[in-house]
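With TSV, C-alpha atoms inside, this is input-v1.tsv:
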chain	number	residue	atom	x	y	z
A	969	MET	CA	-8.21	-0.21	11.89
A	970	ALA	CA	-5.23	-1.92	13.53
A	971	LEU	CA	-3.88	-4.83	11.49
A	972	PRO	CA	-2.53	-7.91	13.29
A	973	ALA	CA	1.22	-8.03	13.91
A	974	GLN	CA	3.38	-8.95	10.90
A	975	ASP	CA	5.86	-10.84	13.09
A	976	GLU	CA	6.83	-11.28	16.73
A	977	ARG	CA	8.86	-8.04	16.69
A	978	THR	CA	5.96	-5.85	15.53
A	979	MET	CA	4.91	-3.46	18.28
A	980	PRO	CA	1.23	-3.55	19.36
A	981	ALA	CA	-1.10	-0.82	18.15
A	982	VAL	CA	-3.24	1.47	20.28
A	983	VAL	CA	-6.58	2.46	18.76
A	984	LEU	CA	-7.78	5.86	19.96
A	985	GLY	CA	-11.47	5.17	19.50
A	986	GLY	CA	-14.30	7.62	20.10
A	987	LEU	CA	-12.05	10.58	20.95
A	988	ASP	CA	-14.80	13.07	20.09
A	989	GLN	CA	-17.47	11.17	22.04
A	990	ARG	CA	-15.76	10.52	25.36
A	991	PRO	CA	-15.33	13.15	28.07
A	992	LEU	CA	-12.32	15.36	27.43
A	993	GLU	CA	-10.61	14.45	30.69
A	994	HIS	CA	-10.81	10.71	29.89
A	995	ALA	CA	-9.19	11.16	26.49
A	996	LEU	CA	-6.61	13.50	28.03
A	997	THR	CA	-5.66	10.90	30.64
A	998	GLU	CA	-5.30	8.18	28.00
A	999	LEU	CA	-3.06	10.28	25.76
A	1000	HIS	CA	-0.94	11.45	28.70
A	1001	THR	CA	-0.50	7.85	29.92
A	1002	LEU	CA	0.53	6.64	26.46
A	1003	THR	CA	3.04	9.46	26.03
A	1004	GLU	CA	4.61	8.80	29.42
A	1005	GLN	CA	4.71	5.05	28.76
A	1006	TYR	CA	6.30	5.15	25.30
A	1007	GLY	CA	8.02	8.54	25.27
A	1008	TYR	CA	6.72	9.59	21.86
A	1009	LEU	CA	3.38	9.05	20.12
A	1010	ILE	CA	2.75	8.94	16.35
A	1011	VAL	CA	-0.97	9.19	15.58
A	1012	VAL	CA	-1.70	7.95	12.05
A	1013	CYS	CA	-5.16	8.78	10.74
A	1014	SER	CA	-7.02	8.97	7.45
A	1015	THR	CA	-8.06	12.10	5.55
A	1016	ALA	CA	-11.57	10.67	5.96
A	1017	THR	CA	-11.32	10.99	9.75
A	1018	PRO	CA	-14.14	13.28	10.95
A	1019	LYS	CA	-13.15	16.89	11.64
A	1020	THR	CA	-14.49	16.57	15.18
A	1021	VAL	CA	-11.92	13.86	15.90
A	1022	LEU	CA	-9.09	15.94	14.43
A	1023	ARG	CA	-10.12	18.98	16.49
A	1024	ARG	CA	-10.15	16.83	19.62
A	1025	LEU	CA	-6.67	15.46	18.79
A	1026	HIS	CA	-5.18	18.92	18.39
A	1027	THR	CA	-6.98	20.13	21.53
A	1028	LEU	CA	-5.52	17.26	23.54
A	1029	ARG	CA	-2.04	17.92	22.16
A	1030	SER	CA	-2.33	21.60	23.10
A	1031	LEU	CA	-3.60	20.86	26.61
A	1032	LEU	CA	-0.72	18.46	27.21
A	1033	GLU	CA	1.70	21.11	25.86
A	1034	SER	CA	3.61	18.19	24.39
A	1035	ASP	CA	5.96	18.21	21.41
A	1036	ARG	CA	6.18	14.42	21.68
A	1037	ILE	CA	2.87	13.79	19.86
A	1038	ALA	CA	2.82	13.75	16.06
A	1039	VAL	CA	-0.41	13.71	14.01
A	1040	PHE	CA	0.24	12.20	10.59
A	1041	ARG	CA	-2.46	12.23	7.86
A	1042	PRO	CA	-1.08	10.80	4.60
A	1043	GLY	CA	-3.27	10.89	1.51
A	1044	LEU	CA	-3.81	7.13	1.44
A	1045	PRO	CA	-7.10	5.21	1.39
A	1046	PRO	CA	-8.06	3.65	4.75
A	1047	LEU	CA	-6.56	0.21	4.05
A	1048	GLY	CA	-3.32	1.88	2.97
A	1049	ILE	CA	-3.35	3.84	6.23
A	1050	ALA	CA	-3.67	0.59	8.19
A	1051	VAL	CA	-0.75	-0.93	6.26
A	1052	LEU	CA	1.46	2.12	6.80
A	1053	ALA	CA	0.67	2.14	10.53
A	1054	ARG	CA	1.76	-1.49	10.77
A	1055	GLN	CA	4.98	-0.78	8.87
A	1056	LEU	CA	5.78	1.96	11.39
A	1057	ARG	CA	5.01	-0.50	14.19
A	1058	GLN	CA	7.49	-2.93	12.60
A	1059	LEU	CA	10.18	-0.25	12.37
A	1060	SER	CA	9.61	0.91	15.94
A	1061	SER	CA	11.41	-2.24	17.12
A	1062	CYS	CA	14.58	-1.06	15.35
A	1063	ASP	CA	17.21	1.47	16.41
A	1064	LEU	CA	15.47	4.48	14.84
A	1065	SER	CA	14.99	7.77	16.67
A	1066	PRO	CA	11.40	9.06	17.12
A	1067	GLY	CA	11.86	11.83	14.55
A	1068	VAL	CA	13.24	9.46	11.91
A	1069	LEU	CA	10.49	6.92	12.59
A	1070	ALA	CA	7.76	9.54	12.28
A	1071	SER	CA	9.15	11.02	9.07
A	1072	ALA	CA	9.69	7.52	7.66
A	1073	GLY	CA	5.94	7.37	7.15
A	1074	ARG	CA	6.17	9.99	4.40
A	1075	LEU	CA	8.90	7.99	2.65
A	1076	LEU	CA	7.11	4.63	2.86
A	1077	THR	CA	3.91	5.97	1.28
A	1078	HIS	CA	5.79	6.02	-2.05
A	1079	TYR	CA	5.94	2.22	-1.99
A	1080	ILE	CA	2.26	1.58	-1.22
A	1081	HIS	CA	-0.14	0.85	-4.10
A	1082	ALA	CA	-3.70	1.29	-2.85
A	1083	GLY	CA	-6.98	1.09	-4.72
A	1084	ALA	CA	-10.41	-0.48	-4.94
A	1085	VAL	CA	-12.96	-2.07	-7.25
A	1086	LEU	CA	-16.10	0.06	-7.05
A	1087	GLY	CA	-19.70	-0.51	-8.10
A	1088	SER	CA	-20.08	3.24	-8.64
A	1089	VAL	CA	-17.83	6.28	-9.02
A	1090	ALA	CA	-20.70	8.79	-8.86
A	1091	ARG	CA	-19.57	10.04	-5.43
A	1092	LEU	CA	-15.83	9.42	-5.79
A	1093	ASP	CA	-13.93	12.69	-5.28
A	1094	ARG	CA	-10.47	11.37	-4.27
A	1095	VAL	CA	-9.46	10.44	-7.82
A	1096	PRO	CA	-10.21	12.37	-11.05
A	1097	VAL	CA	-13.33	10.91	-12.70
A	1098	GLY	CA	-14.31	11.80	-16.27
A	1099	LEU	CA	-17.86	12.48	-17.46
A	1100	LYS	CA	-18.03	9.16	-19.33
A	1101	ALA	CA	-17.12	7.22	-16.19
A	1102	HIS	CA	-19.74	9.15	-14.23
A	1103	ALA	CA	-22.36	8.31	-16.85
A	1104	LYS	CA	-21.39	4.62	-17.05
A	1105	SER	CA	-21.50	4.41	-13.28
A	1106	TRP	CA	-25.32	4.56	-13.49
A	1107	VAL	CA	-25.46	1.49	-15.76
A	1108	PRO	CA	-26.50	-1.59	-13.72
A	1109	GLY	CA	-23.65	-4.03	-13.20
A	1110	SER	CA	-20.89	-1.52	-13.93
A	1111	GLN	CA	-17.61	-1.96	-12.07
A	1112	PHE	CA	-14.58	0.30	-11.96
A	1113	ALA	CA	-11.04	-0.44	-10.84
A	1114	VAL	CA	-9.39	2.57	-9.24
A	1115	LEU	CA	-5.82	3.07	-8.07
A	1116	ALA	CA	-5.67	6.05	-5.74
A	1117	HIS	CA	-1.98	5.88	-4.86
A	1118	PRO	CA	0.80	6.38	-5.86
A	1119	GLU	CA	-0.47	7.38	-9.34
A	1120	PRO	CA	-4.24	7.83	-9.86
A	1121	GLN	CA	-5.76	5.43	-12.39
A	1122	LEU	CA	-9.36	4.58	-13.24
A	1123	VAL	CA	-10.56	1.90	-15.65
A	1124	ARG	CA	-13.79	0.03	-16.26
A	1125	THR	CA	-13.23	-3.62	-15.41
A	1126	GLY	CA	-13.38	-6.18	-18.18
A	1127	PRO	CA	-11.39	-8.97	-19.87
A	1128	GLY	CA	-7.74	-8.01	-20.21
A	1129	VAL	CA	-8.17	-4.74	-18.25
A	1130	THR	CA	-5.60	-4.10	-15.56
A	1131	LEU	CA	-3.90	-1.37	-13.53
A	1132	LYS	CA	-0.25	-0.40	-13.56
A	1133	GLY	CA	1.30	-1.93	-10.47
A	1134	PRO	CA	4.57	-1.90	-8.51
A	1135	GLU	CA	7.86	-2.81	-10.14
A	1136	PHE	CA	9.06	-4.57	-6.99
A	1137	ASN	CA	7.90	-7.58	-4.98
A	1138	THR	CA	4.97	-7.02	-2.63
A	1139	TRP	CA	2.20	-8.66	-0.65
A	1140	MET	CA	-1.44	-7.69	-1.03
A	1141	LEU	CA	-4.29	-7.18	1.43
A	1142	VAL	CA	-7.96	-7.23	0.41
A	1143	GLY	CA	-10.95	-5.88	2.34
A	1144	LYS	CA	-14.37	-6.80	0.93
A	1145	GLY	CA	-17.45	-4.59	1.19
A	1146	GLN	CA	-21.02	-5.30	0.08
A	1147	GLN	CA	-20.16	-6.85	-3.31
A	1148	THR	CA	-17.87	-9.76	-2.53
A	1149	GLN	CA	-17.73	-10.98	-6.17
A	1150	GLN	CA	-15.36	-8.10	-6.89
A	1151	GLY	CA	-12.70	-10.09	-5.06
A	1152	ASP	CA	-12.28	-12.31	-8.13
A	1153	TRP	CA	-11.06	-9.35	-10.19
A	1154	VAL	CA	-8.69	-8.32	-7.40
A	1155	ALA	CA	-7.31	-11.87	-7.20
A	1156	GLY	CA	-6.58	-11.67	-10.93
A	1157	LEU	CA	-4.86	-8.33	-10.42
A	1158	ALA	CA	-2.70	-9.86	-7.69
A	1159	GLY	CA	-1.57	-12.49	-10.18
A	1160	GLN	CA	-0.72	-9.84	-12.78
A	1161	TRP	CA	1.26	-7.90	-10.18
A	1162	SER	CA	3.09	-11.11	-9.16
A	1163	VAL	CA	2.53	-10.54	-5.46
A	1164	HIS	CA	4.01	-13.02	-2.97
A	1165	GLY	CA	0.62	-13.68	-1.43
A	1166	LEU	CA	-2.88	-12.28	-0.93
A	1167	ARG	CA	-4.57	-12.02	2.46
A	1168	GLU	CA	-8.08	-10.95	3.35
A	1169	VAL	CA	-8.81	-8.53	6.21
A	1170	PRO	CA	-11.95	-6.72	7.40
A	1171	LEU	CA	-12.86	-3.59	5.46
A	1172	PRO	CA	-11.88	-0.46	7.44
A	1173	ALA	CA	-14.88	1.45	8.80
A	1174	GLU	CA	-13.85	4.65	6.97
A	1175	SER	CA	-13.57	3.00	3.54
A	1176	PRO	CA	-17.17	3.64	2.33
A	1177	VAL	CA	-16.76	7.33	3.23
A	1178	TRP	CA	-13.36	7.60	1.52
A	1179	TRP	CA	-14.47	5.84	-1.69
A	1180	GLY	CA	-18.01	7.24	-1.79
A	1181	THR	CA	-19.75	3.85	-1.85
A	1182	GLY	CA	-20.14	0.68	0.18
A	1183	ARG	CA	-20.29	-1.46	-2.99
A	1184	MET	CA	-16.58	-2.03	-3.13
A	1185	THR	CA	-13.54	-4.22	-2.52
A	1186	GLU	CA	-10.45	-2.37	-1.32
A	1187	PHE	CA	-6.92	-3.63	-1.94
A	1188	CYS	CA	-3.40	-2.58	-0.97
A	1189	SER	CA	-0.02	-3.82	-2.21
A	1190	TYR	CA	2.90	-3.22	0.17
A	1191	LEU	CA	6.39	-4.16	1.39
A	1192	ALA	CA	6.25	-6.62	4.28
A	1193	ASP	CA	9.94	-7.44	4.87
A	1194	LEU	CA	11.28	-5.50	7.87
A	1195	SER	CA	14.85	-5.64	6.55
A	1196	VAL	CA	13.76	-3.94	3.30
A	1197	LEU	CA	11.81	-1.26	5.19
A	1198	TYR	CA	14.77	-0.60	7.47
A	1199	GLN	CA	17.19	-0.38	4.55
A	1200	LEU	CA	14.94	2.12	2.77
A	1201	VAL	CA	14.69	4.40	5.81
A	1202	THR	CA	18.35	4.26	6.84
A	1203	SER	CA	19.59	4.89	3.29
A	1204	VAL	CA	18.12	8.42	3.33
A	1205	ARG	CA	20.25	11.27	4.67
A	1206	GLN	CA	19.25	12.43	8.14
A	1207	THR	CA	19.15	16.04	9.30
A	1208	THR	CA	18.44	17.67	12.65
A	1209	CYS	CA	15.27	19.71	13.00
A	1210	HIS	CA	16.38	23.27	13.79
A	1211	TRP	CA	13.23	23.84	15.86
A	1212	CYS	CA	12.79	20.81	18.12
A	1213	GLY	CA	16.20	19.16	17.72
A	1214	LEU	CA	14.95	15.74	16.56
A	1215	ASP	CA	16.73	13.81	13.83
A	1216	VAL	CA	14.48	13.58	10.76
A	1217	ILE	CA	14.50	12.48	7.13
A	1218	GLY	CA	12.69	14.31	4.36
A	1219	ASP	CA	11.68	17.95	4.12
A	1220	ARG	CA	9.54	18.37	7.26
A	1221	CYS	CA	9.54	17.35	10.91
A	1222	VAL	CA	6.30	15.51	11.64
A	1223	PHE	CA	6.36	16.44	15.33
A	1224	CYS	CA	6.68	20.23	15.04
A	1225	SER	CA	6.05	20.73	11.28
A	1226	ALA	CA	9.24	22.75	10.88
A	1227	THR	CA	11.20	22.43	7.65
A	1228	PRO	CA	14.93	21.74	8.07
A	1229	PRO	CA	16.95	24.49	6.34
A	1230	ALA	CA	19.00	23.85	3.21
A	1231	HIS	CA	17.52	20.40	2.70
A	1232	GLU	CA	17.56	18.61	-0.63
A	1233	PRO	CA	14.62	16.16	-0.70
A	1234	ALA	CA	15.70	12.63	-1.49
A	1235	ALA	CA	13.93	10.77	-4.27
A	1236	PRO	CA	12.41	7.39	-3.34
A	1237	ARG	CA	14.82	4.54	-3.98
A	1238	ALA	CA	14.03	2.12	-6.79
A	1239	LEU	CA	13.72	-1.43	-5.51
A	1240	GLU	CA	15.32	-4.26	-7.40
A	1241	GLN	CA	13.00	-6.99	-8.62
A	1242	ARG	CA	13.74	-10.16	-6.74
A	1243	THR	CA	12.61	-13.71	-7.33
A	1244	PRO	CA	10.98	-15.36	-4.27
A	1245	ALA	CA	13.08	-18.10	-2.73
Any chance you could give the structure as structure tokens?
Amino acid sequence: MALPAQDERTMPAVVLGGLDQRPLEHALTELHTLTEQYGYLIVVCSTATPKTVLRRLHTLRSLLESDRIAVFRPGLPPLGIAVLARQLRQLSSCDLSPGVLASAGRLLTHYIHAGAVLGSVARLDRVPVGLKAHAKSWVPGSQFAVLAHPEPQLVRTGPGVTLKGPEFNTWMLVGKGQQTQQGDWVAGLAGQWSVHGLREVPLPAESPVWWGTGRMTEFCSYLADLSVLYQLVTSVRQTTCHWCGLDVIGDRCVFCSATPPAHEPAAPRALEQRTPA
């Protein structure tokens, strides 16, 4: 899912839909055109993306013999993936090299809090679920609040029950599935997390697969300010990939998967709590 632009500087998104269903030559032409138009291509996709799509992506990359296409699959729920993709679109308007921009995705995941309120955890395999939770999930009317990232949490919803949230100022997106009344609990969570604002978006198509149920409301808390995102990325030491020569941050080049030698991974920066103006 491609979220609408955050501001006028946010670069447009390109959705590579139906890659495994269209003729190979059509998909090859599209990817080649995009690479020639923009120079470098960062494909962000969910771990719930079908294997047939991933195989097609890697096939296309091999046929193009291009080291300018990066396939990035962070372990975020689908709504978190959409948020991260938009953050990278925001940063692409800045003076960041392709390698730094691509590897910035790994850094920014640390500042995304993504979860959902579920009507059942019987088929949830992305977050550890105890036997009691599995048993209670069969009780009619049961609801569970789950935080999948950055630190897995699972609680049964009820008065006074909450999830540990970010220690810095964020915005929140909400995507509602089949049980829209769950949005009330999420709105309460947003108040407890002191978010700047809450916005509703369509539920990503891959969310029911990722969470194991369609009876859900997905939420994601994130940094929206471009200046904060830019400061986070540029504050990390850059190195040059010894394999492809791109400047990168972190412990791996997203384009060629090589690990820069003698690199000391930087810990995510703590953000200061700020009061909204």
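Across A:Leu1239, A:Val1201, A:Leu996, A:Leu1131, the tightest approach to Ala1084 in chain A is made by A:Leu1131 when counting all atoms listed in the file.
Our summary of the geometry notes that CA of Ala1082 in chain A is positioned 5.3 Å from CA of His1117 in chain A.
The residue that comes closest to His994 in chain A, out of A:Thr1015, A:Ser1065, A:Gly1143, A:Arg1024 and on the basis of all atoms listed in the file, is A:Arg1024.
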message = Can you tell me which residues surround Gln1146 in chain A at a distance of at most 9 Å, considering only C-alpha atoms, apart from same-chain residues fewer than 2 positions away, and format the answer as a ChimeraX atom specification?
response = /A:1144,1148,1182-1185
With all atoms listed in the file counted and 10 Å as the cut-off, give the residues of range 1015-1070 of chain A in contact with range 1208-1231 of chain A, each with its shortest interatomic distance in Å and the pair that gives it, as a tab-separated table.
residue	atom	partner	partner_atom	distance
A:Ser1034	CA	A:Phe1223	CA	9.6
A:Asp1035	CA	A:Phe1223	CA	6.3
A:Arg1036	CA	A:Phe1223	CA	6.7
A:Ile1037	CA	A:Phe1223	CA	6.3
A:Ala1038	CA	A:Phe1223	CA	4.5
A:Val1039	CA	A:Val1222	CA	7.3
A:Phe1040	CA	A:Val1222	CA	7.0
A:Leu1064	CA	A:Asp1215	CA	9.5
A:Ser1065	CA	A:Asp1215	CA	6.9
A:Pro1066	CA	A:Leu1214	CA	7.6
A:Gly1067	CA	A:Val1216	CA	4.9
A:Val1068	CA	A:Val1216	CA	4.5
A:Leu1069	CA	A:Val1216	CA	8.0
A:Ala1070	CA	A:Val1222	CA	6.2
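Residues lying within 10 Å of Ser1014 in chain A, counting all atoms listed in the file and ignoring same-chain neighbours fewer than 6 positions away, are Phe1040, Arg1041, Pro1042, Gly1043, Leu1044, Pro1045, Pro1046, Leu1047, Gly1048, Ile1049, Ala1050, Glu1174, Ser1175 and Trp1178 of chain A.
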key: Shortest interatomic distance to Thr1020 in chain A - which of A:Ala1090, A:Leu1191, A:Met979, A:Leu987, counting all atoms listed in the file   = A:Leu987
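For the choices A:Phe1187, A:Tyr1198, A:Tyr1006, A:Phe1112, the atom-to-atom distance to Val1142 in chain A is smallest for A:Phe1187 when using all atoms listed in the file.
Across the model, the gap from CA of Leu999 in chain A to CA of His1078 in chain A is 29.5 Å.
Atom pair CA of Val1097 in chain A / CA of Pro1170 in chain A: separated by 26.8 Å.
Considering the residues A:Leu1157, A:Cys1062, A:Leu1076, A:Val1089 and counting all atoms listed in the file, Arg977 in chain A has its shortest atom-to-atom contact with A:Cys1062.
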